[in-house]
Structures are given as structure tokens and as C-alpha cells.
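> Quick one, input.cif (mmCIF, C-alpha atoms):
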```cif
data_work
loop_
_atom_site.label_atom_id
_atom_site.label_comp_id
_atom_site.auth_asym_id
_atom_site.auth_seq_id
_atom_site.Cartn_x
_atom_site.Cartn_y
_atom_site.Cartn_z
CA MET A 1 -131.19 90.13 -47.95
CA SER A 2 -128.79 90.23 -45.09
CA ASN A 3 -130.80 93.02 -43.49
CA LYS A 4 -133.96 90.90 -43.55
CA ILE A 5 -132.13 87.99 -41.90
CA GLN A 6 -130.86 90.30 -39.19
CA ASP A 7 -134.34 91.65 -38.62
CA VAL A 8 -135.73 88.11 -38.23
CA LEU A 9 -132.93 87.11 -35.88
CA GLY A 10 -133.53 90.25 -33.83
CA LEU A 11 -137.21 89.46 -33.47
CA GLU A 12 -136.44 85.91 -32.32
CA GLN A 13 -133.97 87.15 -29.73
CA GLU A 14 -136.47 89.71 -28.48
CA GLY A 15 -139.19 87.05 -28.17
CA ARG A 16 -136.82 84.75 -26.28
CA ARG A 17 -135.99 87.54 -23.86
CA HIS A 18 -139.73 88.27 -23.45
CA TRP A 19 -140.54 84.66 -22.37
CA GLN A 20 -137.49 84.52 -20.10
CA SER A 21 -138.84 87.53 -18.19
CA TYR A 22 -141.96 85.47 -17.25
CA LEU A 23 -140.06 82.44 -15.99
CA PRO A 24 -139.78 83.65 -12.33
CA TYR A 25 -143.56 84.20 -12.18
CA LEU A 26 -144.24 80.77 -13.62
CA GLY A 27 -141.94 79.22 -11.01
CA VAL A 28 -143.76 81.01 -8.16
CA GLY A 29 -147.14 79.91 -9.50
CA LEU A 30 -146.03 76.29 -9.74
CA LEU A 31 -144.71 76.43 -6.17
CA LEU A 32 -148.06 77.78 -4.93
CA VAL A 33 -149.92 74.95 -6.69
CA ILE A 34 -147.64 72.37 -5.05
CA LEU A 35 -148.15 73.94 -1.60
CA LEU A 36 -151.91 74.01 -2.14
CA ILE A 37 -151.97 70.32 -3.04
CA TRP A 38 -149.87 69.51 0.05
CA TRP A 39 -152.20 71.51 2.33
CA LEU A 40 -155.37 69.92 0.99
CA TRP A 41 -154.04 66.36 1.20
CA PRO A 42 -153.74 65.03 4.77
CA SER A 43 -150.45 63.17 5.25
CA GLY A 44 -149.35 64.42 1.83
CA THR A 45 -151.33 61.92 -0.28
CA ILE A 46 -154.82 60.53 -0.56
CA GLY A 47 -155.33 57.31 1.31
CA ASP A 48 -157.86 55.39 3.38
CA ILE A 49 -159.74 56.80 6.38
CA ARG A 50 -159.45 55.21 9.81
CA TYR A 51 -162.40 55.80 12.11
CA THR A 52 -162.26 55.92 15.91
CA THR A 53 -165.37 54.47 17.53
CA ASP A 54 -166.96 54.23 20.96
CA GLU A 55 -169.85 52.14 22.27
CA VAL A 56 -173.34 53.26 23.11
CA ALA A 57 -173.87 52.45 26.79
CA LYS A 58 -176.59 52.48 29.40
CA GLY A 59 -175.93 54.13 32.72
CA ASP A 60 -176.67 56.95 35.15
CA LEU A 61 -176.28 60.62 34.21
CA THR A 62 -175.84 63.48 36.67
CA VAL A 63 -176.20 67.00 35.28
CA GLN A 64 -174.47 69.70 37.31
CA VAL A 65 -174.12 73.47 37.10
CA THR A 66 -170.88 75.00 38.31
CA ALA A 67 -170.85 78.41 40.00
CA THR A 68 -168.42 80.39 42.13
CA GLY A 69 -169.22 82.52 45.15
CA VAL A 70 -168.32 83.66 48.65
CA LEU A 71 -169.30 82.30 52.07
CA GLN A 72 -171.19 84.70 54.35
CA PRO A 73 -172.75 84.55 57.83
CA LEU A 74 -176.53 84.30 57.95
CA ASN A 75 -176.72 87.58 59.86
CA GLN A 76 -173.83 90.01 60.01
CA VAL A 77 -174.21 93.26 61.96
CA ASP A 78 -172.04 96.37 61.95
CA VAL A 79 -172.12 97.96 65.41
CA GLY A 80 -171.53 101.71 65.49
CA THR A 81 -172.20 104.73 67.67
CA GLU A 82 -174.65 107.60 67.25
CA ILE A 83 -172.65 109.99 69.40
CA SER A 84 -169.15 111.40 69.24
CA GLY A 85 -166.59 111.06 71.95
CA THR A 86 -163.42 109.45 73.19
CA VAL A 87 -163.22 105.69 73.69
CA GLU A 88 -162.64 105.04 77.37
CA LYS A 89 -162.75 101.24 77.47
CA VAL A 90 -162.95 98.36 75.00
CA GLU A 91 -164.54 95.25 76.48
CA ALA A 92 -164.53 92.88 73.44
CA ASP A 93 -161.84 91.57 71.10
CA PHE A 94 -161.58 89.54 67.89
CA ASN A 95 -163.27 86.10 67.97
CA ASP A 96 -164.94 86.80 71.33
CA HIS A 97 -168.37 85.23 71.77
CA VAL A 98 -170.81 87.88 73.00
CA THR A 99 -174.43 87.86 74.10
CA LYS A 100 -177.19 90.33 73.37
CA GLY A 101 -176.84 93.40 75.62
CA GLN A 102 -173.22 92.68 76.58
CA ILE A 103 -170.98 95.76 76.83
CA LEU A 104 -168.52 96.03 73.95
CA ALA A 105 -167.04 99.48 74.60
CA VAL A 106 -167.60 102.61 76.70
CA LEU A 107 -167.12 106.24 75.63
CA ASP A 108 -166.08 109.06 77.95
CA THR A 109 -169.29 110.25 79.67
CA GLU A 110 -168.11 113.35 81.55
CA GLN A 111 -169.63 115.89 79.17
CA LEU A 112 -172.74 113.79 78.68
CA SER A 113 -173.28 113.56 82.45
CA ALA A 114 -172.91 117.33 82.82
CA ARG A 115 -175.42 117.89 80.03
CA LEU A 116 -177.83 115.49 81.74
CA ARG A 117 -177.59 117.38 85.02
CA GLN A 118 -178.27 120.66 83.22
CA SER A 119 -181.36 119.17 81.58
CA GLN A 120 -182.59 117.97 84.97
CA ALA A 121 -182.18 121.50 86.35
CA ASN A 122 -184.04 123.01 83.41
CA LEU A 123 -186.89 120.60 83.97
CA ALA A 124 -187.08 121.56 87.62
CA LEU A 125 -187.20 125.27 86.66
CA ALA A 126 -189.95 124.62 84.16
CA LYS A 127 -192.02 122.79 86.75
CA ALA A 128 -191.54 125.67 89.19
CA SER A 129 -192.70 128.10 86.54
CA VAL A 130 -195.85 126.04 86.14
CA LYS A 131 -196.63 126.43 89.82
CA GLU A 132 -196.01 130.16 89.62
CA ALA A 133 -198.21 130.52 86.57
CA ASP A 134 -200.92 128.48 88.27
CA ALA A 135 -200.86 130.84 91.29
CA THR A 136 -201.04 133.86 88.99
CA LEU A 137 -204.01 132.33 87.20
CA LEU A 138 -205.80 131.76 90.51
CA GLU A 139 -205.16 135.36 91.55
CA THR A 140 -206.38 136.90 88.29
CA ARG A 141 -209.46 134.68 88.27
CA SER A 142 -210.49 135.91 91.74
CA LYS A 143 -209.81 139.52 90.84
CA LEU A 144 -211.87 139.22 87.68
CA LYS A 145 -214.76 137.76 89.66
CA ARG A 146 -214.70 140.62 92.22
CA THR A 147 -214.44 143.24 89.49
CA LYS A 148 -217.50 141.88 87.73
CA GLU A 149 -219.49 141.90 90.99
CA MET A 150 -218.50 145.50 91.68
CA SER A 151 -219.37 146.41 88.09
CA HIS A 152 -222.94 145.22 88.67
CA LYS A 153 -223.11 147.59 91.64
CA LYS A 154 -221.71 150.46 89.57
CA LEU A 155 -218.67 150.65 91.83
CA VAL A 156 -216.05 150.22 89.05
CA SER A 157 -215.92 151.38 85.48
CA PRO A 158 -216.16 149.03 82.46
CA GLU A 159 -212.50 149.71 81.77
CA ASP A 160 -211.59 148.05 85.06
CA VAL A 161 -213.53 144.95 84.04
CA ASP A 162 -211.68 144.79 80.72
CA THR A 163 -208.35 145.13 82.49
CA ALA A 164 -209.15 142.30 84.88
CA GLN A 165 -210.35 140.14 81.99
CA ALA A 166 -207.11 140.73 80.04
CA ALA A 167 -205.00 139.90 83.08
CA TYR A 168 -206.87 136.65 83.48
CA GLU A 169 -206.36 135.69 79.81
CA ARG A 170 -202.65 136.43 80.10
CA ALA A 171 -202.44 134.23 83.16
CA VAL A 172 -204.10 131.36 81.28
CA ALA A 173 -201.62 131.75 78.41
CA GLY A 174 -198.74 131.95 80.84
CA LEU A 175 -199.77 128.69 82.43
CA GLU A 176 -199.96 126.95 79.02
CA ARG A 177 -196.54 128.32 78.11
CA THR A 178 -194.92 127.03 81.27
CA LYS A 179 -196.49 123.61 80.76
CA ALA A 180 -195.01 123.52 77.25
CA GLN A 181 -191.65 124.45 78.71
CA VAL A 182 -191.93 121.49 81.06
CA THR A 183 -192.61 119.18 78.08
CA GLN A 184 -189.65 120.66 76.22
CA ALA A 185 -187.34 120.28 79.22
CA GLN A 186 -188.50 116.71 79.72
CA ALA A 187 -187.75 115.89 76.07
CA GLN A 188 -184.28 117.38 76.37
CA LEU A 189 -183.69 115.39 79.53
CA ASP A 190 -184.77 112.19 77.81
CA SER A 191 -182.45 112.95 74.88
CA ASP A 192 -179.47 113.59 77.13
CA ARG A 193 -180.22 110.47 79.14
CA SER A 194 -180.40 108.45 75.90
CA SER A 195 -177.09 109.91 74.76
CA LEU A 196 -175.55 108.92 78.05
CA ASP A 197 -176.90 105.40 77.65
CA LYS A 198 -175.55 105.25 74.08
CA ALA A 199 -172.08 106.03 75.37
CA VAL A 200 -172.08 102.40 76.44
CA ILE A 201 -171.84 100.28 73.25
CA ARG A 202 -173.73 97.00 73.65
CA SER A 203 -174.07 93.94 71.44
CA PRO A 204 -177.41 93.82 69.58
CA ILE A 205 -177.20 90.04 68.95
CA ASN A 206 -175.71 86.81 70.22
CA GLY A 207 -172.68 86.12 68.08
CA ILE A 208 -168.95 86.35 67.54
CA VAL A 209 -166.75 89.40 66.98
CA LEU A 210 -165.36 89.37 63.45
CA LYS A 211 -163.83 92.85 63.49
CA ARG A 212 -162.81 95.37 66.14
CA GLN A 213 -161.95 98.79 64.76
CA ILE A 214 -161.39 100.92 67.87
CA GLU A 215 -158.78 101.27 70.60
CA PRO A 216 -158.93 102.97 74.03
CA GLY A 217 -158.26 106.70 73.70
CA GLN A 218 -159.45 106.84 70.10
CA THR A 219 -161.85 109.64 69.18
CA VAL A 220 -164.93 108.76 67.17
CA ALA A 221 -166.99 111.34 65.30
CA ALA A 222 -170.60 110.62 64.38
CA SER A 223 -171.44 114.01 62.88
CA LEU A 224 -171.61 112.91 59.21
CA GLN A 225 -172.14 109.14 59.39
CA THR A 226 -172.17 106.43 62.00
CA PRO A 227 -168.66 105.01 62.45
CA VAL A 228 -168.42 101.20 62.54
CA LEU A 229 -166.75 100.01 65.75
CA PHE A 230 -167.41 96.25 65.63
CA THR A 231 -168.62 93.68 63.10
CA LEU A 232 -170.52 90.75 64.58
CA ALA A 233 -171.68 87.50 63.03
CA GLU A 234 -174.76 86.01 64.64
CA ASN A 235 -174.09 82.28 64.13
CA LEU A 236 -171.19 80.78 62.18
CA ALA A 237 -172.54 77.26 62.70
CA GLN A 238 -175.05 78.04 59.95
CA MET A 239 -173.75 80.00 56.97
CA GLU A 240 -174.78 80.77 53.41
CA LEU A 241 -172.91 80.57 50.13
CA ASP A 242 -173.77 83.29 47.61
CA VAL A 243 -172.86 82.11 44.10
CA ALA A 244 -173.31 83.69 40.66
CA VAL A 245 -175.14 81.39 38.25
CA ASP A 246 -174.73 82.11 34.53
CA GLU A 247 -177.86 83.17 32.66
CA ALA A 248 -177.51 80.10 30.41
CA ASP A 249 -177.83 77.78 33.42
CA VAL A 250 -180.21 79.63 35.73
CA GLY A 251 -183.28 78.03 34.12
CA MET A 252 -182.20 74.63 35.48
CA VAL A 253 -181.45 75.82 39.01
CA LYS A 254 -184.30 75.48 41.52
CA GLU A 255 -184.81 75.83 45.26
CA LYS A 256 -184.08 72.76 47.44
CA GLN A 257 -181.61 71.31 44.92
CA TYR A 258 -178.47 69.85 46.47
CA ALA A 259 -174.91 70.88 45.78
CA VAL A 260 -171.36 70.28 46.93
CA PHE A 261 -168.61 72.87 47.04
CA LYS A 262 -164.92 73.16 47.75
CA VAL A 263 -162.71 75.87 49.20
CA ASP A 264 -158.98 76.39 48.79
CA ALA A 265 -158.36 75.87 52.50
CA TYR A 266 -159.51 72.22 52.25
CA PRO A 267 -158.68 71.02 48.71
CA ASN A 268 -159.44 67.36 49.54
CA ARG A 269 -162.78 67.98 51.23
CA SER A 270 -166.24 68.57 49.79
CA PHE A 271 -168.97 70.37 51.73
CA PRO A 272 -172.71 69.74 51.21
CA ALA A 273 -175.19 72.54 50.66
CA GLN A 274 -178.77 73.13 49.55
CA ILE A 275 -180.25 75.96 47.48
CA SER A 276 -182.50 78.20 49.59
CA GLN A 277 -183.11 81.03 47.12
CA VAL A 278 -182.62 81.91 43.45
CA ARG A 279 -182.90 85.66 43.11
CA PHE A 280 -184.51 87.35 40.11
CA ALA A 281 -182.34 90.48 40.09
CA PRO A 282 -179.57 90.24 37.45
CA GLN A 283 -175.96 91.14 38.06
CA THR A 284 -173.93 92.30 35.06
CA VAL A 285 -170.12 92.32 35.26
CA ASP A 286 -168.04 92.98 32.13
CA GLY A 287 -171.07 92.22 29.98
CA VAL A 288 -171.70 88.83 31.64
CA VAL A 289 -175.17 88.42 33.18
CA THR A 290 -175.48 86.23 36.28
CA TYR A 291 -178.09 85.64 38.96
CA GLU A 292 -177.28 85.43 42.65
CA THR A 293 -178.18 82.09 44.19
CA VAL A 294 -178.06 81.44 47.94
CA LEU A 295 -177.09 78.03 49.34
CA SER A 296 -177.55 77.00 52.98
CA VAL A 297 -174.42 75.54 54.57
CA ASN A 298 -174.01 73.57 57.81
CA ASN A 299 -170.79 74.66 59.55
CA GLU A 300 -171.06 73.04 62.97
CA ASP A 301 -167.33 72.33 63.17
CA LEU A 302 -166.60 76.00 62.30
CA SER A 303 -164.08 74.95 59.67
CA LEU A 304 -165.55 77.40 57.15
CA ARG A 305 -164.99 81.12 57.60
CA PRO A 306 -166.70 84.20 56.19
CA GLY A 307 -165.21 85.50 52.98
CA MET A 308 -163.88 82.16 51.70
CA THR A 309 -164.19 81.69 47.94
CA ALA A 310 -165.99 78.48 47.03
CA THR A 311 -166.73 76.63 43.80
CA ALA A 312 -170.07 74.84 43.93
CA GLU A 313 -171.45 72.08 41.73
CA ILE A 314 -175.23 72.15 41.82
CA THR A 315 -177.00 68.91 40.89
CA VAL A 316 -179.87 69.97 38.63
CA GLN A 317 -180.83 66.56 37.19
CA GLN A 318 -180.19 62.88 37.93
CA LEU A 319 -181.13 60.19 35.40
CA LYS A 320 -180.98 56.44 36.01
CA ASP A 321 -180.34 53.70 33.43
CA VAL A 322 -180.54 55.84 30.28
CA LEU A 323 -178.89 55.46 26.86
CA LEU A 324 -175.67 57.49 26.73
CA ILE A 325 -173.27 58.52 23.98
CA PRO A 326 -170.05 60.56 24.22
CA ASN A 327 -170.32 64.20 23.15
CA ALA A 328 -167.46 63.63 20.70
CA ALA A 329 -169.87 61.58 18.60
CA LEU A 330 -172.21 64.56 18.28
CA ARG A 331 -169.38 66.82 17.19
CA PHE A 332 -168.03 64.39 14.58
CA THR A 333 -168.54 65.01 10.85
CA PRO A 334 -166.94 62.78 8.17
CA PRO A 335 -164.25 64.50 6.05
CA ARG A 336 -166.55 64.85 3.06
CA ASN A 337 -165.57 68.45 2.26
CA VAL A 338 -161.84 67.66 2.25
CA GLU A 339 -162.32 64.87 -0.28
CA LYS A 340 -164.46 67.13 -2.44
CA LYS A 341 -161.73 69.78 -2.50
CA GLN A 342 -159.12 67.17 -3.36
CA ARG A 343 -161.15 65.77 -6.25
CA THR A 344 -161.82 69.25 -7.61
CA LEU A 345 -158.14 70.13 -7.49
CA LEU A 346 -157.10 66.82 -9.10
CA THR A 347 -159.64 67.30 -11.89
CA ALA A 348 -158.20 70.71 -12.65
CA LEU A 349 -154.53 69.70 -12.49
CA LEU A 350 -154.34 66.06 -13.71
CA PRO A 351 -155.51 64.40 -16.94
CA ARG A 352 -158.88 62.76 -16.68
CA HIS A 353 -159.14 59.00 -17.02
CA PRO A 354 -161.27 56.38 -15.26
CA GLY A 355 -158.61 55.59 -12.67
CA ASN A 356 -158.51 59.16 -11.32
CA ASN A 357 -161.96 59.08 -9.68
CA THR A 358 -161.81 59.17 -5.87
CA LYS A 359 -164.09 56.66 -4.18
CA GLN A 360 -166.92 58.15 -2.09
CA VAL A 361 -166.91 56.61 1.41
CA VAL A 362 -169.78 58.50 3.06
CA SER A 363 -173.48 57.78 2.83
CA ASP A 364 -176.42 59.34 4.65
CA GLU A 365 -179.60 57.88 6.08
CA GLY A 366 -182.23 60.38 7.04
CA SER A 367 -182.68 64.12 6.81
CA THR A 368 -179.64 66.39 7.05
CA ASP A 369 -181.51 69.10 8.95
CA GLN A 370 -181.56 67.05 12.15
CA ARG A 371 -178.78 66.26 14.56
CA ARG A 372 -176.97 63.11 13.58
CA ILE A 373 -174.40 60.67 14.77
CA TRP A 374 -172.38 58.33 12.58
CA ILE A 375 -171.92 54.56 12.68
CA LEU A 376 -169.80 52.21 10.53
CA ARG A 377 -171.68 50.04 8.06
CA ASP A 378 -169.67 48.01 5.50
CA GLY A 379 -166.71 50.35 5.96
CA LYS A 380 -168.80 53.44 5.31
CA ALA A 381 -169.83 56.24 7.69
CA VAL A 382 -173.63 56.14 7.90
CA ALA A 383 -175.60 58.94 9.57
CA ILE A 384 -178.40 58.09 12.01
CA GLN A 385 -180.91 60.57 13.36
CA VAL A 386 -181.11 60.91 17.11
CA ARG A 387 -182.95 62.98 19.67
CA THR A 388 -180.85 64.05 22.61
CA GLY A 389 -181.69 65.02 26.16
CA ALA A 390 -179.59 66.09 29.13
CA THR A 391 -175.80 66.27 29.07
CA ASP A 392 -173.09 66.57 31.68
CA GLY A 393 -170.55 67.96 29.23
CA ARG A 394 -168.98 64.56 28.53
CA LEU A 395 -171.95 62.24 27.93
CA THR A 396 -175.36 62.99 26.43
CA GLN A 397 -178.65 61.18 26.91
CA VAL A 398 -180.28 59.77 23.75
CA THR A 399 -184.08 59.96 23.95
CA GLY A 400 -184.89 58.72 20.46
CA GLY A 401 -183.36 57.19 17.34
CA LYS A 402 -182.14 53.87 15.95
CA LEU A 403 -179.54 53.27 18.62
CA GLU A 404 -179.07 50.40 21.01
CA ALA A 405 -176.61 49.73 23.81
CA GLY A 406 -173.39 48.20 22.50
CA MET A 407 -173.51 49.79 19.04
CA ALA A 408 -170.25 51.38 17.84
CA ILE A 409 -170.49 55.05 16.97
CA ILE A 410 -167.80 57.14 15.28
CA THR A 411 -166.07 59.81 17.35
CA ASP A 412 -163.11 60.72 15.12
CA ALA A 413 -161.44 60.01 11.76
CA THR A 414 -157.84 60.10 10.52
CA TYR A 415 -156.20 59.54 7.12
CA ILE A 416 -153.84 56.62 6.54
CA SER A 417 -151.25 57.66 3.95
CA LYS A 418 -150.49 55.32 1.07
#
```
I need this file expressed as C-alpha cells, please.


Amino acid sequence: MSNKIQDVLGLEQEGRRHWQSYLPYLGVGLLLVILLIWWLWPSGTIGDIRYTTDEVAKGDLTVQVTATGVLQPLNQVDVGTEISGTVEKVEADFNDHVTKGQILAVLDTEQLSARLRQSQANLALAKASVKEADATLLETRSKLKRTKEMSHKKLVSPEDVDTAQAAYERAVAGLERTKAQVTQAQAQLDSDRSSLDKAVIRSPINGIVLKRQIEPGQTVAASLQTPVLFTLAENLAQMELDVAVDEADVGMVKEKQYAVFKVDAYPNRSFPAQISQVRFAPQTVDGVVTYETVLSVNNEDLSLRPGMTATAEITVQQLKDVLLIPNAALRFTPPRNVEKKQRTLLTALLPRHPGNNTKQVVSDEGSTDQRRIWILRDGKAVAIQVRTGATDGRLTQVTGGKLEAGMAIITDATYISK
């Protein structure tokens, strides 16, 4: 009997120890449930909802596209040299205003002058050879004529006629060869004269010197590529701004649209511009596709300089006296999902009785597959269908729907804890 009692007591102790081993897990689970309830309940408990509203208004809307770019001269020319040599003189400096044909620099011309004189001598020799060949041709022609006359009289053999004929043909060829040599010598002379002229570097345009990259005594080599000696800008009073317009905005950007832009050098000043070209070729940088757009800029006071970074705001649309709502109203959605989660959790965790039902505060008018905004009606958030038009990022035009100026629309909602 005592053994049976001990066996029963041993089983009870073992069962007690078994349940005690699960107590830590039950405590962790209860803690997780409490944390979940706290996370799902704004302000820690279910209370009323306070809505933030704004008024529908009528006004003007300006839609702009922002783009960044760099200022450039209308015509920028790199002036180089086609010949190699040593720089003898530099006649232009930074910011100098130059005219077309004005001397910018001069290379050493000693070797070029010597080469020109040699070409002139070769031309003279070639012309002399032409005269000599012409005299030889005249002589062989006369001899051939006499030989033929004597051949008719049987005074010379046929071989003598053939010899005279061959001499005449050689004289003709010799004359043609010397004439070709004259042409060749003339071409060489023209080339050397051109090289001598190119030793004097002249401005190809009227403009201003942006860069000067040579000094007297410097050697320039034009064997592989033309070295750049000067960079000229034709007219800084008229410039262009090349901006990169995002592919999402390029459809709204058109020629002759107006814009304003700013540069870091003048943070409190805005400069006007007008679009002159929207180019079709895409530019892809780091996976972002943009399209180069050129804006014409008036720079009569020369305050703007090439290379300045500018941020332009292009006006793509201007609307007058239209119905406007804040964009926050289009982004707003009543906290319906949060309340649904709370009710589901309460149903699972708390006993059910009529007082536990959470009051639904949201109603809907119209189809849910269209864009909606929300208004307050008898303390409830009521959805109204709208059709929207242009937006400037802060306000959006309403083109259709049951909205009138002065109506209050919901832009935000917060819980008021009880």
C-alpha cells in the first residue's frame, strides 16, 4: 500500500516539474502578445480619430520642370597649328578681345623660309628643263623631216628614218616629263609657302581668348595630332545653357518655352532663358536616361561665364483660375486597415460581448478603382471620385468630380487616446 502511495506521489511531482519547465515559454509568449497589442494600437489604446483638413481653392497653377546643366558659349573654337616648330612670339593673352585674322602667335620661320627658297630654285630648274626639252623637240622634228625627204630620194636607208623617228618621240616624252616636273615643283613651292604662312597663328573668329596654352620658346609638335594653342569664344553676350532633362519630364518640354535659372555665383539672382532645342539623342549616366536641352541665354552684362553650373526651372504649363487641392489629400487613406487588425486581435484575445465591437468610422461613395479624395460628412471620412490634371508637386488641378471651392478635404488623420 505504501508503495502505491509513493508511486502516485512520484507521478504528481514529475507532472509538476513537467509544467514548470514550460513556464518560461509561456511568459515569453505572453510578452509577445502584449507587445503586439501595443504596436497595433496607436497611442497604446483605441480612441477617436482626429482628421486634419484643408480647403479646396481656386487659383493659378504653374507647372515647372527642373533640370541642371552647364553654360557654354554659342561658338567655341580651339585654335591649333598644323606644323611643328618653336614658338617665337605670343601676341594674345587671356581675356583679350581679338578680331578675325588677328595674329595670335608666331612660330620660328627660319627652316620654313629656307625650304621655301629651295622650292623656288627647284621650280626654276624645272622651267629651264622645259625650255631645253622644247629645243630638243624642235631639233629632232627638223631632223626627222629631212630624213624622210632624203628617204624618198633613196639617199638614206630606212633604218635612218626609224632612228630619227625614235629620237623625235623621245624628245616629245622628254618635254612632257619636264612639264610635269614644273607642276610638281610648283606644288611643292605652294606647300612650303602655305607652311610658312601657317607659322603665323591667326584668329579664325571675332571673340575673346578663354585659354592660352603656349609660351615663347615652347616647342610644339604636330606630327600625331594638332596641338591646341588657344581657345576662343565667339560672343559671350549670347550664351547657351545645356541641361539634362529626365525622361519622365521630356514629353512636357517644348521649344520656345521660357525658363529661369540660377548659378552659385549669384544666389539671389535669377536669369531668364528660352528653350531653343530639345535633342532626340539620349544620354545614359548610371542607368539614368536624360535628354539634352539647349536654352538661349542673354548675357549682355557678361556676368555669366562659360562652365558655370546652373539649375533651371522650365515653365511647361500655366493654368489660370482652376480648382486646386493639396497633394497630401491625394495621398491620404483613412486608417481602415489598422482598425481591422485591432478588431481581429481583440476578437482573438478578449471575450466576445456586444460592448467589444469597434465602431466603423469610414464609408465610401463611388468606385474604389478610381483615384479618390476624402471629405468629412457627419464625422465620417467619405470618399469622392475626382479627375486630376496638372500638378506642380504641391498642388494638383481637379478637372472633374463633386468638389467645389471652399470644401474641406482630409489631408491627415491621428488617433486621440482615451

> Identify which of the residues A:Thr333, A:Ala67, A:Ile410, A:Ala57 lies closest to Gly379 (chain A), counting all atoms listed in the file when measuring atom-to-atom distances.

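Closest residue, counting all atoms listed in the file: A:Ile410.
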
> If we count all atoms listed in the file, what is near Tyr258 (chain A) at a cut-off of 8 Å, once residues fewer than 3 positions away on the same chain are taken out, given as number ranges by chain?

A: 272-275, 314-316

> The PyMOL selection byres ((chain A and resi 299) around 6) - which residues does that actually catch in the file I just gave you? List them as a PyMOL selection string.

chain A and resi 237-238+298+300-302

> Can you pull out the residues contacting region 205-209 of chain A? Cut-off 6 Å, using all atoms listed in the file, and skip same-chain residues under 2 positions away; I want them as a PyMOL selection string.

chain A and resi 94-100+203+211+232-235

> Compare A:Glu132, A:Leu123, A:Leu104, A:Thr219 by their minimum atom-to-atom distance to Gln184 (chain A), counting only C-alpha atoms, and give me the closest one.

A:Leu123

> Could you list the residues chosen by the PyMOL selection byres ((chain A and resi 307) around 6) in this structure as an MDAnalysis selection string?

chainID A and resid 70:71 306 308

> Store the residues picked out above in a file with C-alpha atoms, as a compact mmCIF listing (two decimals), in the coordinates of the input.


```txt
# COMPACT_ATOMS: atom_id res chain seq x y z
CA VAL A 70 -168.32 83.66 48.65
CA LEU A 71 -169.30 82.30 52.07
CA PRO A 306 -166.70 84.20 56.19
CA MET A 308 -163.88 82.16 51.70
```

> What is the CA of Ala199 (chain A)-CA of Gln186 (chain A) distance in Å, reported with one decimal?

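About the pair CA of Ala199 (chain A) and CA of Gln186 (chain A): they are 20.1 Å apart.
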
> Using CA of Thr86 (chain A) and CA of Asp192 (chain A) as the two end points, give the distance in Å to one decimal.

17.0 Å

> Excluding Thr109 (chain A) and residues on its chain fewer than 6 positions from it, collect all residues at most 12 Å away from it, counting only C-alpha atoms, and give them as a ChimeraX atom specification.

/A:83-89,115-116,192-200

> Of the residues A:Asp286, A:Ser303, A:Ala133, A:Leu26, which is the one nearest to Ala173 (chain A), using only C-alpha atoms?

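Of A:Asp286, A:Ser303, A:Ala133, A:Leu26, the one nearest Ala173 (chain A) is A:Ala133, counting only C-alpha atoms.
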
> Which is closer to Ala312 (chain A) than all the others in A:Thr68, A:Ile409, A:Phe230, A:Ala180, using all atoms listed in the file?

A:Thr68

> Run the PyMOL selection byres ((chain A and resi 140) around 12) on the file and write out the hits as a ChimeraX atom specification.

/A:133-139,141-147,161,163-172,174

> Tell me, in Å to one decimal, how far CA of Met239 (chain A) is from CA of Pro204 (chain A).

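If I compute the distance from CA of Met239 (chain A) to CA of Pro204 (chain A), I get 19.1 Å.
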
> With all atoms listed in the file as the atoms that count, which of A:Val90, A:Leu304, A:Val260, A:Met252 lies nearest to Gln213 (chain A)?

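Answer, going by the shortest atom-to-atom distance: A:Val90.
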
> Which is closest to Asn75 (chain A) among A:Gly29, A:Val182, A:Ala121, A:Glu240, if we use only C-alpha atoms?

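Among the listed residues, the smallest separation from Asn75 (chain A) belongs to A:Glu240.
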
> Box for region 373-384 of chain A: with edges along x, y and z, all listed atoms inside and 4 Å added on each side, what are the centre and edge lengths in Å to one decimal, as JSON?


```
{"center_x": -172.6, "center_y": 54.3, "center_z": 10.0, "size_x": 19.7, "size_y": 20.7, "size_z": 17.5}
```

> When you look at Gly406 (chain A) with a cut-off of 12 Å (counting all atoms listed in the file), what residues show up, excluding the ones that are within fewer than 6 positions of it in the same chain? I need them as a list in words.

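Using all atoms listed in the file, the neighbours found are Thr53, Asp54, Glu55, Val56, Ala57, Lys58, Leu323, Leu324, Ile325 and Ile375 of chain A.
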
> Would you fill the gaps in region 163-167 of chain A so it has all heavy atoms, then print it as a short mmCIF file (atom, residue, chain, number, x, y, z; two decimals), in the frame of the given file?


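Result file is out_22.cif:
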```cif
data_model
loop_
_atom_site.label_atom_id
_atom_site.label_comp_id
_atom_site.auth_asym_id
_atom_site.auth_seq_id
_atom_site.Cartn_x
_atom_site.Cartn_y
_atom_site.Cartn_z
N THR A 163 -209.73 145.35 82.04
CA THR A 163 -208.35 145.13 82.49
C THR A 163 -208.22 143.82 83.26
O THR A 163 -207.27 143.05 83.08
CB THR A 163 -207.91 146.31 83.37
OG1 THR A 163 -208.00 147.53 82.61
CG2 THR A 163 -206.49 146.11 83.86
N ALA A 164 -209.18 143.54 84.11
CA ALA A 164 -209.15 142.30 84.88
C ALA A 164 -209.30 141.08 83.96
O ALA A 164 -208.66 140.03 84.16
CB ALA A 164 -210.26 142.30 85.93
N GLN A 165 -210.17 141.24 82.94
CA GLN A 165 -210.35 140.14 81.99
C GLN A 165 -209.06 139.85 81.22
O GLN A 165 -208.67 138.70 81.01
CB GLN A 165 -211.48 140.47 81.01
CG GLN A 165 -211.81 139.37 80.02
CD GLN A 165 -212.42 138.14 80.68
OE1 GLN A 165 -213.22 138.29 81.61
NE2 GLN A 165 -212.04 136.94 80.19
N ALA A 166 -208.37 140.90 80.79
CA ALA A 166 -207.11 140.73 80.04
C ALA A 166 -206.04 140.10 80.91
O ALA A 166 -205.28 139.23 80.45
CB ALA A 166 -206.64 142.08 79.50
N ALA A 167 -205.99 140.49 82.17
CA ALA A 167 -205.00 139.90 83.08
C ALA A 167 -205.26 138.40 83.26
O ALA A 167 -204.32 137.59 83.32
CB ALA A 167 -205.03 140.62 84.42
#
```
